[in-house]
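Data from protein.tsv: TSV, C-alpha atoms
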```tsv
chain	number	residue	atom	x	y	z
A	1	MET	CA	31.21	-39.99	5.95
A	2	GLU	CA	28.50	-37.54	6.96
A	3	SER	CA	25.41	-38.59	8.85
A	4	ASP	CA	22.00	-38.25	7.20
A	5	ASP	CA	21.22	-35.28	9.48
A	6	GLU	CA	24.37	-33.43	8.37
A	7	GLN	CA	23.58	-34.00	4.69
A	8	LEU	CA	20.03	-32.66	5.14
A	9	LEU	CA	21.30	-29.45	6.76
A	10	ARG	CA	23.77	-28.42	4.04
A	11	GLY	CA	22.63	-25.39	2.05
A	12	ARG	CA	19.59	-24.78	4.24
A	13	ILE	CA	18.85	-21.56	6.07
A	14	TYR	CA	18.93	-21.67	9.87
A	15	GLY	CA	15.35	-21.24	11.11
A	16	ALA	CA	13.81	-21.35	7.62
A	17	ASP	CA	10.48	-22.95	6.75
A	18	HIS	CA	11.01	-26.60	5.77
A	19	ASP	CA	9.03	-25.99	2.56
A	20	HIS	CA	11.43	-23.19	1.50
A	21	PRO	CA	14.78	-24.09	3.07
A	22	GLY	CA	17.19	-22.56	0.53
A	23	PRO	CA	18.69	-19.13	-0.03
A	24	LYS	CA	16.56	-16.33	-1.45
A	25	PRO	CA	17.76	-13.69	-3.92
A	26	GLY	CA	18.67	-10.32	-2.46
A	27	ARG	CA	19.53	-11.72	0.99
A	28	SER	CA	22.95	-11.88	2.71
A	29	TYR	CA	24.07	-15.14	4.28
A	30	ALA	CA	26.95	-16.44	6.38
A	31	GLU	CA	27.87	-20.12	6.27
A	32	LEU	CA	28.07	-21.81	9.68
A	33	VAL	CA	31.26	-23.89	9.87
A	34	GLY	CA	31.78	-26.73	12.34
A	35	GLY	CA	29.67	-27.78	15.28
A	36	PRO	CA	26.08	-28.98	15.24
A	37	LEU	CA	24.88	-26.50	12.60
A	38	ASP	CA	27.74	-27.05	10.14
A	39	GLY	CA	26.69	-26.26	6.59
A	40	LEU	CA	23.63	-24.19	7.47
A	41	LEU	CA	23.37	-20.63	6.21
A	42	LEU	CA	22.53	-17.80	8.60
A	43	ASP	CA	20.51	-14.92	7.15
A	44	ILE	CA	22.35	-11.76	8.21
A	45	THR	CA	20.45	-9.39	5.92
A	46	GLY	CA	20.15	-5.99	7.56
A	47	TRP	CA	22.48	-6.77	10.47
A	48	ARG	CA	24.63	-3.86	11.65
A	49	PRO	CA	28.43	-4.40	11.69
A	50	GLU	CA	28.49	-4.51	15.49
A	51	GLU	CA	25.81	-7.23	15.50
A	52	ILE	CA	27.89	-9.29	13.08
A	53	ASN	CA	31.08	-8.75	15.11
A	54	ASP	CA	29.32	-9.98	18.27
A	55	GLY	CA	28.58	-13.40	16.75
A	56	VAL	CA	25.52	-15.44	17.68
A	57	SER	CA	24.14	-18.00	20.08
A	58	LEU	CA	21.71	-20.18	18.10
A	59	ALA	CA	19.13	-22.53	19.60
A	60	THR	CA	19.63	-26.14	18.53
A	61	GLU	CA	18.70	-29.62	19.70
A	62	LEU	CA	21.71	-31.08	17.89
A	63	GLY	CA	24.43	-29.79	20.23
A	64	GLN	CA	26.03	-31.15	23.38
A	65	PHE	CA	23.15	-29.98	25.60
A	66	GLY	CA	20.25	-31.32	23.48
A	67	PRO	CA	16.87	-29.55	23.58
A	68	GLY	CA	17.25	-26.05	24.96
A	69	GLY	CA	20.96	-25.93	24.09
A	70	ARG	CA	22.69	-23.33	21.98
A	71	ALA	CA	25.57	-23.33	19.50
A	72	LEU	CA	27.97	-20.37	19.50
A	73	TYR	CA	29.30	-18.98	16.20
A	74	ASP	CA	31.59	-16.02	15.43
A	75	PRO	CA	32.55	-14.48	12.09
A	76	ARG	CA	35.86	-15.77	10.77
A	77	PRO	CA	38.54	-13.06	10.79
A	78	GLY	CA	39.14	-11.97	7.19
A	79	ASP	CA	36.18	-14.00	5.87
A	80	PRO	CA	32.88	-12.66	7.28
A	81	ALA	CA	30.90	-14.96	4.96
A	82	ARG	CA	32.00	-17.92	7.12
A	83	TRP	CA	31.23	-18.14	10.86
A	84	ASP	CA	33.14	-20.63	12.97
A	85	TRP	CA	31.71	-22.73	15.79
A	86	GLY	CA	33.07	-21.83	19.21
A	87	GLY	CA	31.27	-24.42	21.34
A	88	ASP	CA	27.89	-25.23	22.84
A	89	SER	CA	26.13	-23.78	25.87
A	90	PRO	CA	23.09	-24.85	27.89
```
With the file now loaded, output its structure as structure tokens.
Amino acid sequence: MESDDEQLLRGRIYGADHDHPGPKPGRSYAELVGGPLDGLLLDITGWRPEEINDGVSLATELGQFGPGGRALYDPRPGDPARWDWGGDSP
């Protein structure tokens, strides 16, 4: 069973305003899979292919290192709409 925090994150945009947390038309999103940001969508509108291939390090208080920590995500081979968690970093 998912925690209340996990349920609140599903379908929301990473870094979005709490008053407007959902996807917007005309934008491109990748779903974050696994780890502390599981279920969030990452807005990748306008990203160059090399930026997408590099993956991301996203600030989060929900990971192993708490406040100031980061969660690492990389695009899934063959499915760039889903980015897999690779671990946490301080």
Nearest-residue call for Ser28 of chain A, choices A:Ser89, A:Thr60, A:Asn53, A:Thr45, using all atoms listed in the file |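 Of A:Ser89, A:Thr60, A:Asn53, A:Thr45, the one nearest Ser28 of chain A is A:Thr45, counting all atoms listed in the file.
Nearest to Gly63 of chain A of all the residues A:Ala81, A:Ala16, A:Leu37, A:Ile44 is A:Leu37, counting only C-alpha atoms.
Distance check against Ala59 of chain A using all atoms listed in the file: of A:Asp79, A:Gly22, A:Asp88, A:Arg27, the minimum falls on A:Asp88.
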So which one's closest to Leu42 of chain A, A:Gly87, A:Pro67, A:Gly55, A:Pro77? Using only C-alpha atoms, please.
-> A:Gly55
Would you list the residues near (20.1, -18.4, 7.0) (no more than 7 Å away, in the coordinates of the file, using all atoms listed in the file) as a ChimeraX atom specification?
-> /A:12-16,29,40-43
Exercise: Val56 of chain A partners within 7 Å, all atoms listed in the file, chain neighbours under 6 positions left out, as number ranges by chain = A: 72-74
Box dimensions and centre (Å, one decimal) enclosing segment 78-89 of chain A, axis-aligned, 8 Å extra per side, as JSON:
```
{"center_x": 32.6, "center_y": -18.6, "center_z": 15.4, "size_x": 29.0, "size_y": 29.3, "size_z": 36.9}
```
Mind pulling up the distance from atom CA of Arg48 of chain A to atom CA of Gly26 of chain A?
->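 Pair atom CA of Gly26 of chain A / atom CA of Arg48 of chain A returns 16.6 Å.
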